[in-house]
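Asks: Sharing a structure below in structure tokens format, with a few things to ask.
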Amino acid sequence: MIRRALTLVACAAGFVCAWPAAASADNGNLWLYGTAATGDTGQPVLGGTGPGIAGLTTGGYEATWQGPDGVLTTTGSNGSGRLGLAMAKASSPAITGVAGGAWEIAFQGSNTTLWTTGAAGVKDWGQGMMAGSNPAITALSGGGFEAAIETNGTDLLTAGTADVTNTLQGMWSGSSPAIAPNGAGYQAAFGANTTDLYLYNPSSESDTSEGMLAGTSPSIAALATGGHEVAFQANTQDLFVYGTAGLADANIGMDPSTSPSIAALQAGGYEVAAHGSNGDLWLHGSAGTLDTGLAMAPGTSPSIAGLTGGGYEVAFQAKPVPATPVVSTPIPPPPPTAHGKPALRVKVLIKWRWNHGHSRIVKFLVGHHPHNMTLRMRCRGRGCPTTRTRVARPGHLKGFVRAVLGTRYAVGDRIVLTLSAARYRTERAQIIIRSSRKPAVRLL
């Protein structure tokens with residue numbers, strides 16, 4: 001598969017500039033995919049690490065990650081910014097939503113111990129963590145939260161509102177546990193030093209006898225209808241799910257150095273996010289199985305959260321952008337009309353992903369423009385979507401952008417963009433979809 005894109009800009013000089021660029025998720029930034037939002041947040045993530053994401057009890061989501069400077073950072077419905085807390089190198093945080101729309105984050109601090117921050121304040125738990133491992137955290141049904149870690153002695157340890165307990169359950173060195181609510185308590189899942197997937201809660205422990213791939217970690221979710229579901233990478237390098245509904249092979253090959261994430265859906269069932277063996281973000285579960293076509297940073301793992309009100313949201317680190325020189329293709333602007341109306345001079349940027357005979361819109365940005373501008377997008381060709389003409393009338397541009405993101409076109413399709421506003425010249429550009437290369441563009 002070719003992972004490139006075309007950036008189109010209607011330049012201030014009235015030219016259209018086109019150059020090859022990285023694909024939709026090839027820039028090393030934090031990317032989101034799901035019901036609430038899809039796209040590039042523009043926030044850089046430390047290479048080799050992954051973000052965490054949680055649905056909030058009042059709706060929306062909150063994501064957290066380690067920035068390139070090693071500082072814990074967040075963005076979402078309940079605040080955005082650098083939290084000023086230094087993390088251990090190459091580690092990833094975990095987050096959970098708690099009462100009142102707030103959240104709690106667990107992370108390995110730069111002193112290699114478990115830390116939490118959020119509604120309950122900042123705390124260093126003084127519990128040493130294994131290098132290369134990450135914590136997990138969950139809200140409890142009775143209030144509060146519980147975190148799980150691999151200690152620097154390779155044991156499973158839980159810490160939080162419920163208890164601080166070294167379970168003495170031996171873990172696979174360098175792997176990370178998962179945790180979910182279970183009644184008034186919690187249920188943990190982890191890769192044991194036997195290489196099997198294990199389950200643990202304060203009342204019981206069990207060996208599932210399901211072999212995991214070395215260096216990977218499981219994820220667990222409490223289902224809305226009761227019971228639990230675990231997602232893990234099996235020693236076959238396939239994504240597996242295990243739990244209330246039994247064991248199932250999703251038949252999705254995974255990047256062998258990554259781990260899946262699972263979330264319960266409000267309507268029942270679950271959805272899993274995984275780093276596929278082809279480098280793309282994959283989804284599997286009750287809401288559907290698909291290759292999103294979004295390229296992930298090598299060796300990183302995604303995080304998924306179920307949302308209050310339904311749906312899900314995924315956070316992941318995108319594949320870094322290779323250095324690529326910019327090559328401009330100027331096209332002369334149309335001559336002025338007899339009335340001498342000024343040009344709109346609006347910048348429009350579109351990014352594409354293509355795979356042989358099909359191209360898909362993955363980013364659509366419109367720069368500064370008159371408040372009364374109308375944008376019309378018309379498609380002609382066999383691969384055009386069912387809605388062949390979309391119109392963004394004044395004040396409705398955001399809805400237009402949401403509608404066109406992800407739209408797929410076939411070779412030979414011709415798309416005409418028309419921008420118009422009172423007292424300005426109407427401007428039009430044509431985009432022609434081509435096979436296995438960037439679309440062609442010219443002003444009309």
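In the structure tokens, chains take letters A, B, ... by order of appearance, with residues numbered from 1 within each chain and ligands from 1 in the order shown.
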Could you pull the residues within 9 Å of stretch 154-162 of chain A, counting only C-alpha atoms, minus those fewer than 3 positions along the same chain, as a ChimeraX atom specification?
Replies: /A:114,125,127,129-130,137,140,143-151,165-177,184-186,188,190,193
Asks: Which neighbours of A:Gly47 fall inside 10 Å, counting only C-alpha atoms, when residues of the same chain fewer than 6 positions from it are skipped, and could you give them as a PyMOL selection string?
Replies: chain A and resi 28-29+66-68+90+297-300+317-320
Asks: When you look at stretch 362-374 of chain A with a cut-off of 6 Å (counting only C-alpha atoms), what residues show up, excluding the ones that are within fewer than 2 positions of it in the same chain? I need them as a VMD selection string.
Replies: chain A and resid 24 346 to 352 392 to 394 405 to 406 419 to 421
Asks: Could you list, as number ranges by chain, every residue within 6 Å of stretch 304-310 of chain A, counting only C-alpha atoms and ignoring same-chain residues fewer than 4 positions away?
Replies: A: 53-55, 59, 261, 263-266, 314
Asks: I want to know what sits within 10 Å of A:His358, based on only C-alpha atoms, with residues of the same chain fewer than 2 positions away left out; could you give that as a VMD selection string?
Replies: chain A and resid 353 to 356 360 383 408 to 413 433 to 437
Asks: Quick one: everything within 6 Å of A:Ala180, counting only C-alpha atoms, minus sequence neighbours fewer than 5 positions away in the same chain. Send it as a list in words.
Replies: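 Answer for this query is Thr138, Tyr186, Gln187, Ala221 and Ala222 of chain A.
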Asks: Suppose you want the space between atom CA of A:Asn78 and atom CA of A:Ala102; what is it in Å?
Replies: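 Here the two named atoms are 7.0 Å from each other.
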Asks: Which of these residues is nearest to A:Thr236, using only C-alpha atoms: A:Thr258, A:Asn278, A:Ile220, A:Met212?
Replies: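 Checking each of A:Thr258, A:Asn278, A:Ile220, A:Met212 against A:Thr236, counting only C-alpha atoms, the winner is A:Met212.
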Asks: Could you state the separation of atom CA of A:Gly269 and atom CA of A:Thr225 in Å, given to one decimal place?
Replies: 7.9 Å
